[in-house]
>>> print(open('run_22.cif').read())   # mmCIF, C-alpha atoms
data_entry
loop_
_atom_site.label_atom_id
_atom_site.label_comp_id
_atom_site.auth_asym_id
_atom_site.auth_seq_id
_atom_site.Cartn_x
_atom_site.Cartn_y
_atom_site.Cartn_z
CA MET S 1 13.98 -23.18 16.12
CA LYS S 2 10.72 -22.17 14.48
CA THR S 3 10.47 -18.42 14.91
CA LEU S 4 7.59 -16.08 14.14
CA VAL S 5 7.96 -12.32 13.90
CA ILE S 6 4.73 -10.47 14.62
CA ILE S 7 4.42 -7.09 12.93
CA PRO S 8 1.43 -5.16 14.30
CA CYS S 9 0.30 -2.71 11.68
CA TYR S 10 -2.20 0.12 11.91
CA ASN S 11 -2.09 2.55 8.97
CA GLU S 12 1.53 1.85 8.09
CA GLU S 13 1.26 1.97 4.28
CA GLU S 14 4.38 4.15 4.11
CA ASN S 15 6.59 1.79 6.11
CA LEU S 16 5.23 -1.69 5.62
CA VAL S 17 7.09 -2.71 2.46
CA GLN S 18 10.40 -1.46 3.80
CA VAL S 19 9.90 -3.19 7.17
CA VAL S 20 9.11 -6.54 5.56
CA THR S 21 11.89 -6.27 2.94
CA ARG S 22 14.48 -5.45 5.61
CA LEU S 23 13.26 -8.34 7.75
CA LYS S 24 13.38 -10.80 4.85
CA THR S 25 16.93 -9.81 3.89
CA ALA S 26 18.24 -9.67 7.47
CA CYS S 27 16.64 -12.91 8.67
CA PRO S 28 15.52 -15.08 5.75
CA THR S 29 14.93 -18.11 7.97
CA VAL S 30 12.24 -16.67 10.24
CA ASP S 31 8.54 -16.53 9.43
CA TYR S 32 6.65 -13.31 9.87
CA LEU S 33 3.02 -12.37 10.30
CA ILE S 34 1.60 -8.92 9.74
CA VAL S 35 -1.39 -8.18 11.95
CA ASN S 36 -3.41 -5.55 10.14
CA ASP S 37 -5.47 -3.95 12.89
CA CYS S 38 -8.32 -2.79 10.65
CA SER S 39 -6.20 -0.09 8.99
CA THR S 40 -8.07 2.65 7.18
CA ASP S 41 -5.30 3.19 4.63
CA ARG S 42 -3.96 0.78 1.99
CA SER S 43 -2.06 -1.48 4.44
CA ARG S 44 -4.22 -4.49 3.69
CA GLU S 45 -4.03 -4.03 -0.08
CA ILE S 46 -0.25 -3.74 0.17
CA CYS S 47 -0.13 -7.08 2.03
CA GLU S 48 -2.35 -8.69 -0.59
CA GLU S 49 -0.50 -7.30 -3.62
CA ASN S 50 2.92 -8.33 -2.32
CA GLY S 51 1.77 -11.74 -1.17
CA TYR S 52 2.77 -11.05 2.44
CA ASN S 53 1.74 -13.29 5.31
CA TYR S 54 -0.91 -11.39 7.15
CA ILE S 55 -4.07 -11.59 9.18
CA SER S 56 -6.58 -8.80 9.15
CA LEU S 57 -8.74 -7.94 12.15
CA PRO S 58 -12.32 -7.08 11.19
CA VAL S 59 -12.55 -4.59 14.07
CA ASN S 60 -9.83 -2.26 15.34
CA LEU S 61 -8.60 -3.66 18.67
CA GLY S 62 -5.57 -1.49 19.35
CA ILE S 63 -1.97 -2.59 19.61
CA GLY S 64 -2.58 -5.03 22.50
CA GLY S 65 -5.36 -7.00 20.85
CA GLY S 66 -3.44 -6.97 17.57
CA VAL S 67 -0.23 -8.35 19.03
CA GLN S 68 -2.21 -10.91 21.00
CA SER S 69 -3.74 -12.17 17.73
CA GLY S 70 -0.18 -12.81 16.61
CA TYR S 71 0.51 -14.78 19.79
CA LEU S 72 -2.67 -16.80 19.23
CA PHE S 73 -1.50 -17.54 15.69
CA ALA S 74 1.93 -18.62 17.00
CA VAL S 75 0.32 -21.00 19.48
CA GLU S 76 -2.01 -22.39 16.81
CA ARG S 77 0.90 -23.10 14.45
CA GLY S 78 3.31 -24.32 17.12
CA TYR S 79 6.10 -21.75 16.96
CA ASP S 80 9.00 -22.05 19.44
CA ILE S 81 9.86 -18.37 19.58
CA THR S 82 7.69 -15.32 18.96
CA VAL S 83 9.12 -11.87 18.30
CA GLN S 84 7.26 -8.59 18.11
CA ILE S 85 8.62 -5.81 16.02
CA ASP S 86 6.95 -2.45 15.37
CA GLY S 87 5.43 -1.85 11.98
CA ASP S 88 6.89 1.67 11.77
CA GLY S 89 10.47 0.63 11.01
CA GLN S 90 12.13 1.90 14.19
CA HIS S 91 13.36 -1.59 15.06
CA ASP S 92 16.26 -2.89 12.98
CA PRO S 93 15.87 -6.62 12.21
CA ALA S 94 19.69 -6.83 12.20
CA TYR S 95 19.43 -7.01 16.00
CA LEU S 96 17.02 -9.90 15.90
CA ALA S 97 19.75 -12.51 16.28
CA GLU S 98 21.02 -10.74 19.43
CA LEU S 99 17.49 -10.64 20.82
CA LEU S 100 16.92 -14.33 20.12
CA LYS S 101 20.17 -15.52 21.75
CA PRO S 102 19.04 -15.50 25.42
CA ILE S 103 15.77 -17.17 24.43
CA GLU S 104 17.46 -19.86 22.36
CA HIS S 105 19.92 -20.56 25.20
CA GLY S 106 17.02 -20.80 27.65
CA GLU S 107 18.31 -17.95 29.80
CA LEU S 108 15.21 -15.78 29.54
CA ASP S 109 11.50 -16.25 28.87
CA MET S 110 11.15 -12.76 27.44
CA ALA S 111 13.94 -10.63 26.01
CA ILE S 112 13.28 -6.91 25.51
CA GLY S 113 15.29 -4.92 23.00
CA SER S 114 16.46 -1.90 24.96
CA ARG S 115 17.81 1.35 23.51
CA PHE S 116 18.98 2.61 26.90
CA ILE S 117 21.74 0.12 27.68
CA THR S 118 24.36 1.22 25.19
CA LYS S 119 22.53 4.56 24.71
CA GLU S 120 23.16 4.53 20.97
CA GLY S 121 20.81 5.58 18.22
CA PHE S 122 17.52 7.41 18.57
CA GLN S 123 16.90 8.01 22.27
CA THR S 124 13.36 9.41 21.90
CA SER S 125 12.24 12.78 23.27
CA ALA S 126 13.07 14.00 26.77
CA MET S 127 9.42 13.94 27.80
CA ARG S 128 9.03 10.33 26.78
CA ARG S 129 12.24 9.37 28.54
CA VAL S 130 10.86 10.86 31.76
CA GLY S 131 7.70 8.81 31.30
CA ILE S 132 9.67 5.66 30.52
CA ASN S 133 11.83 6.20 33.62
CA ILE S 134 8.81 6.68 35.85
CA LEU S 135 7.39 3.43 34.53
CA SER S 136 10.74 1.76 35.05
CA PHE S 137 10.82 2.92 38.67
CA PHE S 138 7.25 1.78 39.15
CA ILE S 139 7.92 -1.66 37.71
CA ARG S 140 10.93 -1.99 40.01
CA LEU S 141 8.75 -1.00 42.96
CA LEU S 142 6.12 -3.59 42.08
CA THR S 143 8.27 -6.50 40.97
CA GLY S 144 11.79 -5.76 42.23
CA LYS S 145 13.18 -6.11 38.72
CA ARG S 146 14.93 -3.32 36.86
CA VAL S 147 13.76 -2.86 33.28
CA LYS S 148 15.05 0.26 31.55
CA ASP S 149 13.21 0.39 28.24
CA THR S 150 9.72 -0.24 29.55
CA THR S 151 7.83 0.76 26.42
CA SER S 152 10.00 -1.00 23.86
CA GLY S 153 7.83 -3.01 21.49
CA PHE S 154 10.82 -5.04 20.28
CA ARG S 155 10.72 -8.27 22.26
CA ALA S 156 11.16 -12.00 21.90
CA CYS S 157 9.29 -14.68 23.87
CA ASN S 158 9.76 -18.41 24.20
CA ARG S 159 6.92 -20.84 23.69
CA GLU S 160 5.68 -20.79 27.29
CA MET S 161 5.68 -17.00 27.42
CA THR S 162 3.86 -16.93 24.08
CA GLU S 163 1.15 -19.20 25.43
CA PHE S 164 0.85 -16.99 28.50
CA PHE S 165 0.46 -13.84 26.37
CA ALA S 166 -2.02 -15.60 24.10
CA ARG S 167 -4.20 -15.90 27.20
CA HIS S 168 -3.40 -12.68 29.04
CA TYR S 169 -2.41 -9.53 27.23
CA ALA S 170 -3.29 -5.93 28.01
CA GLN S 171 -5.16 -3.87 25.45
CA ASP S 172 -4.35 -0.18 25.27
CA TYR S 173 -0.65 0.44 25.93
CA PRO S 174 0.38 -3.10 26.66
CA GLU S 175 4.19 -3.04 26.81
CA PRO S 176 4.74 -2.08 30.47
CA GLU S 177 1.74 -4.14 31.56
CA ALA S 178 3.08 -7.23 29.82
CA ILE S 179 6.38 -6.85 31.71
CA VAL S 180 4.59 -6.71 35.08
CA ALA S 181 2.30 -9.62 34.17
CA ALA S 182 5.26 -11.76 33.07
CA LEU S 183 7.38 -10.94 36.14
CA SER S 184 4.45 -11.43 38.53
CA ALA S 185 3.75 -14.84 37.05
CA GLY S 186 7.37 -15.77 37.66
CA TYR S 187 8.81 -15.59 34.16
CA ARG S 188 12.36 -14.43 33.53
CA VAL S 189 12.49 -11.08 31.79
CA GLY S 190 15.65 -9.35 30.66
CA GLU S 191 16.96 -6.70 28.31
CA VAL S 192 19.24 -6.90 25.31
CA PRO S 193 20.95 -3.76 23.96
CA VAL S 194 19.70 -2.66 20.55
CA VAL S 195 19.84 0.51 18.50
CA MET S 196 16.56 1.99 17.37
CA ALA S 197 15.83 4.49 14.65
CA GLU S 198 13.25 7.21 14.53
CA ARG S 199 10.08 5.97 12.88
CA MET S 200 10.30 6.21 9.11
CA GLY S 201 6.94 7.74 8.31
CA GLY S 202 3.41 8.20 9.59
CA THR S 203 2.64 9.05 13.18
CA SER S 204 3.16 7.07 16.37
CA SER S 205 0.17 5.48 18.04
CA ILE S 206 1.18 6.95 21.41
CA HIS S 207 0.87 10.62 20.58
CA SER S 208 -0.82 11.25 23.90
CA PHE S 209 2.26 9.97 25.70
CA LYS S 210 2.86 13.32 27.33
CA SER S 211 -0.55 13.38 28.85
CA VAL S 212 -0.90 12.72 32.51
CA TYR S 213 -3.85 10.50 31.74
CA TYR S 214 -1.63 7.94 30.07
CA MET S 215 0.74 7.76 33.02
CA VAL S 216 -2.07 7.48 35.57
CA LYS S 217 -3.80 4.80 33.55
CA VAL S 218 -0.66 2.76 33.02
CA CYS S 219 0.42 3.03 36.65
CA LEU S 220 -3.02 1.91 37.79
CA ALA S 221 -2.96 -0.93 35.27
CA LEU S 222 0.46 -2.00 36.54
CA ILE S 223 -0.85 -2.20 40.11
CA VAL S 224 -3.86 -4.18 38.94
CA TYR S 225 -1.61 -6.52 36.97
CA ARG S 226 0.66 -6.98 39.96
CA LEU S 227 -2.37 -7.88 42.10
CA SER S 228 -4.07 -10.14 39.60
CA PHE S 229 -1.11 -12.27 38.53
CA SER S 230 0.83 -14.61 40.75
CA LYS S 231 3.10 -17.58 40.25
CA HIS S 232 -0.05 -19.75 40.07
CA ASP S 233 -0.83 -18.20 36.70
CA ARG S 234 2.37 -19.55 35.24
CA LEU S 235 1.55 -22.22 32.72
CA ARG S 236 2.99 -25.67 33.42
CA MET D 1 -41.96 11.86 55.77
CA GLU D 2 -44.88 13.98 54.59
CA LEU D 3 -47.90 12.21 53.15
CA ASN D 4 -47.54 14.12 49.86
CA PHE D 5 -44.01 12.83 49.43
CA ARG D 6 -45.10 9.27 50.25
CA VAL D 7 -47.91 9.34 47.70
CA ALA D 8 -45.57 10.77 45.05
CA LEU D 9 -43.00 8.11 45.88
CA ILE D 10 -45.57 5.30 45.66
CA VAL D 11 -46.91 6.53 42.32
CA GLY D 12 -43.39 7.00 40.97
CA VAL D 13 -42.20 3.58 42.10
CA LEU D 14 -45.27 1.84 40.70
CA LEU D 15 -44.67 3.52 37.33
CA TYR D 16 -41.01 2.57 37.54
CA LEU D 17 -41.81 -1.08 38.33
CA GLY D 18 -44.41 -1.04 35.57
CA VAL D 19 -41.79 0.03 33.00
CA ILE D 20 -39.39 -2.65 34.22
CA PHE D 21 -42.04 -5.38 33.92
CA TYR D 22 -43.07 -4.07 30.51
CA LEU D 23 -39.46 -4.28 29.26
CA LEU D 24 -39.09 -7.75 30.78
CA LYS D 25 -42.29 -8.93 29.12
CA LYS D 26 -41.17 -7.55 25.75
CA ARG D 27 -37.81 -9.27 26.31
CA ARG D 28 -35.97 -6.01 25.91
CA LEU D 29 -34.36 -6.36 29.34
CA GLY D 30 -32.48 -9.46 30.44
CA VAL D 31 -33.58 -11.01 33.74
CA GLN D 32 -29.99 -11.00 35.02
CA TYR D 33 -29.86 -7.20 34.66
CA ALA D 34 -33.44 -6.62 35.83
CA ILE D 35 -32.94 -8.10 39.29
CA ILE D 36 -31.09 -5.10 40.67
CA TRP D 37 -33.60 -2.68 39.12
CA LEU D 38 -36.51 -4.61 40.63
CA LEU D 39 -34.76 -4.75 43.99
CA SER D 40 -34.29 -0.97 44.02
CA GLY D 41 -37.98 -0.49 43.19
CA ALA D 42 -39.06 -2.91 45.91
CA VAL D 43 -36.95 -1.19 48.55
CA LEU D 44 -38.32 2.26 47.65
CA LEU D 45 -41.87 0.92 47.72
CA LEU D 46 -41.20 -0.54 51.17
CA PHE D 47 -39.99 2.89 52.35
CA ALA D 48 -43.12 4.60 51.01
CA LEU D 49 -45.49 2.04 52.54
CA PHE D 50 -43.71 1.80 55.90
CA PRO D 51 -42.09 5.20 56.59
CA TYR D 52 -41.24 3.98 60.09
CA ILE D 53 -38.19 2.19 58.60
CA VAL D 54 -36.98 5.48 57.15
CA LEU D 55 -37.49 7.32 60.43
CA VAL D 56 -35.54 4.72 62.41
CA MET D 57 -32.72 4.53 59.87
CA GLY D 58 -32.56 8.33 59.69
CA ASP D 59 -32.24 8.43 63.48
CA ILE D 60 -29.50 5.82 63.56
CA LEU D 61 -27.48 7.61 60.86
CA LYS D 62 -28.32 11.02 62.39
CA VAL D 63 -29.47 12.56 59.09
CA LEU D 64 -31.18 15.95 59.47
CA ASN D 65 -34.26 14.97 57.50
CA PRO D 66 -35.44 11.35 57.19
CA VAL D 67 -36.10 11.94 53.48
CA ASN D 68 -32.35 12.29 53.02
CA PHE D 69 -32.06 8.64 53.93
CA VAL D 70 -34.33 7.78 50.99
CA PHE D 71 -32.08 9.83 48.69
CA LEU D 72 -29.01 8.13 50.13
CA VAL D 73 -30.44 4.70 49.33
CA ILE D 74 -31.42 5.78 45.80
CA LEU D 75 -27.90 7.12 45.21
CA ALA D 76 -26.39 3.89 46.52
CA PHE D 77 -28.50 1.90 44.08
CA VAL D 78 -27.51 4.17 41.18
CA LEU D 79 -23.81 3.70 41.98
CA LEU D 80 -24.25 -0.04 42.28
CA ILE D 81 -26.11 -0.29 38.98
CA LEU D 82 -23.52 1.87 37.19
CA LEU D 83 -20.72 -0.26 38.53
CA SER D 84 -22.44 -3.43 37.44
CA LEU D 85 -22.91 -1.93 33.97
CA SER D 86 -19.18 -1.16 33.75
CA ALA D 87 -18.47 -4.74 34.70
CA VAL D 88 -20.87 -6.00 32.03
CA VAL D 89 -19.30 -3.72 29.38
CA SER D 90 -15.82 -4.94 30.35
CA GLY D 91 -16.97 -8.50 29.93
CA PHE D 92 -18.35 -7.66 26.49
CA SER D 93 -15.13 -5.99 25.38
CA VAL D 94 -13.18 -9.14 26.27
CA LYS D 95 -15.65 -11.22 24.29
CA ILE D 96 -15.56 -8.87 21.30
CA LYS D 97 -11.76 -8.97 21.35
CA SER D 98 -11.76 -12.77 21.34
CA LEU D 99 -14.30 -12.91 18.53
CA THR D 100 -12.34 -10.42 16.45
CA GLN D 101 -9.10 -12.33 16.87
CA ASN D 102 -10.77 -15.61 16.07
CA ALA D 103 -12.44 -14.17 12.98
CA ALA D 104 -9.08 -12.88 11.74
CA LEU D 105 -7.38 -16.26 12.27
CA LEU D 106 -10.23 -18.09 10.55
CA GLU D 107 -10.18 -15.64 7.64
CA ARG D 108 -6.50 -16.41 7.16
CA ARG D 109 -7.24 -20.15 7.23
CA ILE D 110 -9.84 -19.71 4.53
CA ARG D 111 -7.35 -17.81 2.40
CA GLU D 112 -4.79 -20.58 2.85
CA LEU D 113 -7.30 -23.28 1.99
CA GLU D 114 -8.45 -21.37 -1.07
CA ALA D 115 -4.85 -21.05 -2.23
CA GLN D 116 -4.30 -24.81 -1.68
CA LEU D 117 -7.49 -25.60 -3.56
CA ALA D 118 -6.41 -23.42 -6.48
CA ASP D 119 -3.04 -25.24 -6.54
CA THR D 120 -4.56 -28.71 -6.61
CA LYS D 121 -6.97 -27.66 -9.33
CA LYS D 122 -4.07 -26.43 -11.44
CA GLU D 123 -2.27 -29.74 -10.96
CA ASP D 124 -5.39 -31.67 -12.00
CA ASP D 125 -5.70 -29.57 -15.14
CA ASP D 126 -2.06 -30.18 -16.03
CA PRO D 127 -1.86 -33.46 -18.04
CA GLN D 128 1.92 -33.85 -17.46
CA ASP D 129 1.36 -34.23 -13.74
CA LYS D 130 -1.17 -36.98 -14.37
CA THR D 131 1.28 -39.18 -16.24
CA VAL D 132 3.75 -38.84 -13.38
CA CYS D 133 1.11 -39.99 -10.97
#
>>> encode(input="run_22.cif", output="structure tokens")
Amino acid sequence: MKTLVIIPCYNEEENLVQVVTRLKTACPTVDYLIVNDCSTDRSREICEENGYNYISLPVNLGIGGGVQSGYLFAVERGYDITVQIDGDGQHDPAYLAELLKPIEHGELDMAIGSRFITKEGFQTSAMRRVGINILSFFIRLLTGKRVKDTTSGFRACNREMTEFFARHYAQDYPEPEAIVAALSAGYRVGEVPVVMAERMGGTSSIHSFKSVYYMVKVCLALIVYRLSFSKHDRLR
Amino acid sequence: MELNFRVALIVGVLLYLGVIFYLLKKRRLGVQYAIIWLLSGAVLLLFALFPYIVLVMGDILKVLNPVNFVFLVILAFVLLILLSLSAVVSGFSVKIKSLTQNAALLERRIRELEAQLADTKKEDDDPQDKTVC
């Protein structure tokens, strides 16, 4: 099946080459697309010099708008499966095959790579885990579905899910919101165990994760998403 | 309401309406956004011209001083206008996002087409290819 890996990239000059090289060696058959979200460092030049596949946003949209551009591209070019993988190197492309399995077999519409099932590898800081667990509880409350790694940006979607995300995708911290939107619209979402590493270089985009503001905003967004999406929004 | 307050209100509202019409005439304010501003001005003018409305409404709502009712209405308008502005801004941000994404996809298409064009030009320049054709 035609598979596209979306690599959102904002100021990832330190990691980009390694991420793409690892992906190319681990999965030579899949296509990839770097979405350069108006980086202020040399990310774009690196893409150009190495002849990478990339698109470059003229205005910084944030991770949500960036990833959504990738989904739009996938729809435009008719890909069967779309995968997102972080541009900071914390997701190992070796697990891509595992992530794709439930999608290829038609068991799930969206598969999330979860670091909390086998509890191996980098488990992130205690504060973040608390936040992730609160979100997990909240998502269960709203949708009845248990998702452990709510903020994982390592996920695979089938064609229908891709088309849905090309139309509706949250902007700021979109991972938990996307889960609620997908579940509310009646898509099948599940988790696949993966091992994640600590990011290789640079700084994470969610440095304000500890802040109460983030949690309040996300929780509110989740409620809004639960209210605004129903099974009618499911495409086809 | 005291006469002084009424006169001040009338003068103020007339100035306010004057500015709105001036901006409309200069096309620096869209009609769709001006409606609520005009409406607020009209209501305040009505209050100043016919204070009886304010007295009755103040009685019904049991406000201590009828003037407070005027302030209440002004505040309500301010909230409404602010909310509508937030809605407008949200609409814009969705549009900007779409435009940005589209521009990026189109830019990539141009790059691809340019690369294709460069390839075909190379082939045309290469005489060996021509004999094959």
>>> closest_residue(input="run_22.cif", among="S:Ile112, S:Ala166, S:Val5, S:Ala178", to="Ser152 in chain S", atoms="all atoms listed in the file")
S:Ile112
>>> atom_distance(input="run_22.cif", atom1="CA of Phe137 in chain S", atom2="CA of Ala185 in chain S")
19.2 Å
>>> residues_around(input="run_22.cif", residues="range 106-109 of chain S", least_positions_apart="3", cutoff="6 Å", atoms="only C-alpha atoms", output="list in words")
Pro102, Ile103, Cys157, Asn158, Tyr187, Arg188 and Val189 of chain S
>>> resolve_selection(input="run_22.cif", expression="the PyMOL selection byres ((chain S) within 12 of (chain D))", output="PyMOL selection string")
chain S and resi 33-38+48+51-77+166-171
>>> residues_near_point(input="run_22.cif", point="(-31.6, -6.7, 33.4)", cutoff="12 Å", atoms="only C-alpha atoms", output="list in words")
Ile20, Phe21, Leu23, Leu24, Lys25, Arg27, Arg28, Leu29, Gly30, Val31, Gln32, Tyr33, Ala34, Ile35, Ile36, Trp37, Leu38, Leu39, Ile81, Ser84, Leu85 and Val88 of chain D
>>> atom_distance(input="run_22.cif", atom1="CA of Ile6 in chain S", atom2="CA of Met161 in chain S")
14.4 Å
>>> resolve_selection(input="run_22.cif", expression="the PyMOL selection byres ((chain S and resi 144) around 12)", output="PyMOL selection string")
chain S and resi 136-143+145-147+179-180+183-184+186+189+226
>>> atom_distance(input="run_22.cif", atom1="CA of Ser39 in chain S", atom2="CA of Thr151 in chain S")
22.4 Å
>>> resolve_selection(input="run_22.cif", expression="the PyMOL selection byres ((chain D and resi 54-56) around 12)", output="CSV table (one decimal) with C-alpha atoms, in the coordinates of the input")
chain,number,residue,atom,x,y,z
D,1,MET,CA,-42.0,11.9,55.8
D,2,GLU,CA,-44.9,14.0,54.6
D,6,ARG,CA,-45.1,9.3,50.2
D,43,VAL,CA,-37.0,-1.2,48.6
D,44,LEU,CA,-38.3,2.3,47.6
D,45,LEU,CA,-41.9,0.9,47.7
D,46,LEU,CA,-41.2,-0.5,51.2
D,47,PHE,CA,-40.0,2.9,52.4
D,48,ALA,CA,-43.1,4.6,51.0
D,49,LEU,CA,-45.5,2.0,52.5
D,50,PHE,CA,-43.7,1.8,55.9
D,51,PRO,CA,-42.1,5.2,56.6
D,52,TYR,CA,-41.2,4.0,60.1
D,53,ILE,CA,-38.2,2.2,58.6
D,57,MET,CA,-32.7,4.5,59.9
D,58,GLY,CA,-32.6,8.3,59.7
D,59,ASP,CA,-32.2,8.4,63.5
D,60,ILE,CA,-29.5,5.8,63.6
D,61,LEU,CA,-27.5,7.6,60.9
D,62,LYS,CA,-28.3,11.0,62.4
D,63,VAL,CA,-29.5,12.6,59.1
D,64,LEU,CA,-31.2,16.0,59.5
D,65,ASN,CA,-34.3,15.0,57.5
D,66,PRO,CA,-35.4,11.4,57.2
D,67,VAL,CA,-36.1,11.9,53.5
D,68,ASN,CA,-32.4,12.3,53.0
D,69,PHE,CA,-32.1,8.6,53.9
D,70,VAL,CA,-34.3,7.8,51.0
D,71,PHE,CA,-32.1,9.8,48.7
D,72,LEU,CA,-29.0,8.1,50.1
D,73,VAL,CA,-30.4,4.7,49.3
>>> closest_residue(input="run_22.cif", among="D:Ile110, D:Lys26, D:Gly41, D:Gln116", to="Val11 in chain D", atoms="only C-alpha atoms")
D:Gly41
>>> closest_residue(input="run_22.cif", among="S:Val195, S:Glu45, S:Glu98, S:Leu23", to="Arg115 in chain S", atoms="all atoms listed in the file")
S:Val195
>>> axis_aligned_box(input="run_22.cif", around="range 114-124 of chain D", padding_each_side="4 Å", output="AutoDock Vina command-line options")
--center_x -5.4 --center_y -26.4 --center_z -6.5 --size_x 14.2 --size_y 18.6 --size_z 18.9
>>> closest_residue(input="run_22.cif", among="S:Val194, S:Val130, S:Val218, S:Ala156", to="Tyr173 in chain S", atoms="all atoms listed in the file")
S:Val218
>>> residues_near_point(input="run_22.cif", point="(7.4, -12.4, 14.4)", cutoff="7 Å", atoms="all atoms listed in the file", output="PyMOL selection string")
chain S and resi 3-7+31-33+82-85
>>> decode(input="run_22.cif", residues="range 25-41 of chain S", atoms="N, CA and C atoms", output="tab-separated table (two decimals), in the first residue's frame")
chain	number	residue	atom	x	y	z
S	25	THR	N	16.57	4.03	5.72
S	25	THR	CA	17.19	2.71	5.86
S	25	THR	C	16.20	1.71	6.46
S	26	ALA	N	15.39	2.16	7.42
S	26	ALA	CA	14.45	1.23	8.08
S	26	ALA	C	13.29	0.85	7.16
S	27	CYS	N	12.77	1.81	6.42
S	27	CYS	CA	11.61	1.55	5.55
S	27	CYS	C	11.86	2.17	4.19
S	28	PRO	N	12.62	1.50	3.34
S	28	PRO	CA	12.93	2.11	2.03
S	28	PRO	C	11.73	2.21	1.09
S	29	THR	N	10.65	1.49	1.39
S	29	THR	CA	9.52	1.46	0.45
S	29	THR	C	8.55	2.61	0.65
S	30	VAL	N	8.58	3.24	1.83
S	30	VAL	CA	7.57	4.29	2.07
S	30	VAL	C	8.08	5.64	1.58
S	31	ASP	N	7.14	6.49	1.19
S	31	ASP	CA	7.47	7.87	0.85
S	31	ASP	C	7.44	8.70	2.13
S	32	TYR	N	8.12	9.81	2.10
S	32	TYR	CA	8.07	10.70	3.27
S	32	TYR	C	7.91	12.12	2.78
S	33	LEU	N	7.42	12.97	3.65
S	33	LEU	CA	7.27	14.39	3.33
S	33	LEU	C	7.61	15.19	4.58
S	34	ILE	N	8.61	16.03	4.46
S	34	ILE	CA	8.95	16.92	5.57
S	34	ILE	C	8.08	18.16	5.43
S	35	VAL	N	7.42	18.55	6.53
S	35	VAL	CA	6.66	19.80	6.51
S	35	VAL	C	7.46	20.82	7.31
S	36	ASN	N	8.14	21.68	6.62
S	36	ASN	CA	8.92	22.71	7.29
S	36	ASN	C	7.98	23.86	7.67
S	37	ASP	N	7.74	24.00	8.97
S	37	ASP	CA	6.76	24.97	9.45
S	37	ASP	C	7.42	26.33	9.64
S	38	CYS	N	7.93	26.88	8.55
S	38	CYS	CA	8.55	28.21	8.58
S	38	CYS	C	9.67	28.28	9.64
S	39	SER	N	10.56	27.29	9.60
S	39	SER	CA	11.67	27.26	10.56
S	39	SER	C	12.55	28.49	10.40
S	40	THR	N	13.13	28.93	11.53
S	40	THR	CA	14.01	30.09	11.47
S	40	THR	C	15.47	29.64	11.39
S	41	ASP	N	15.72	28.34	11.50
S	41	ASP	CA	17.11	27.87	11.37
S	41	ASP	C	17.34	27.35	9.94
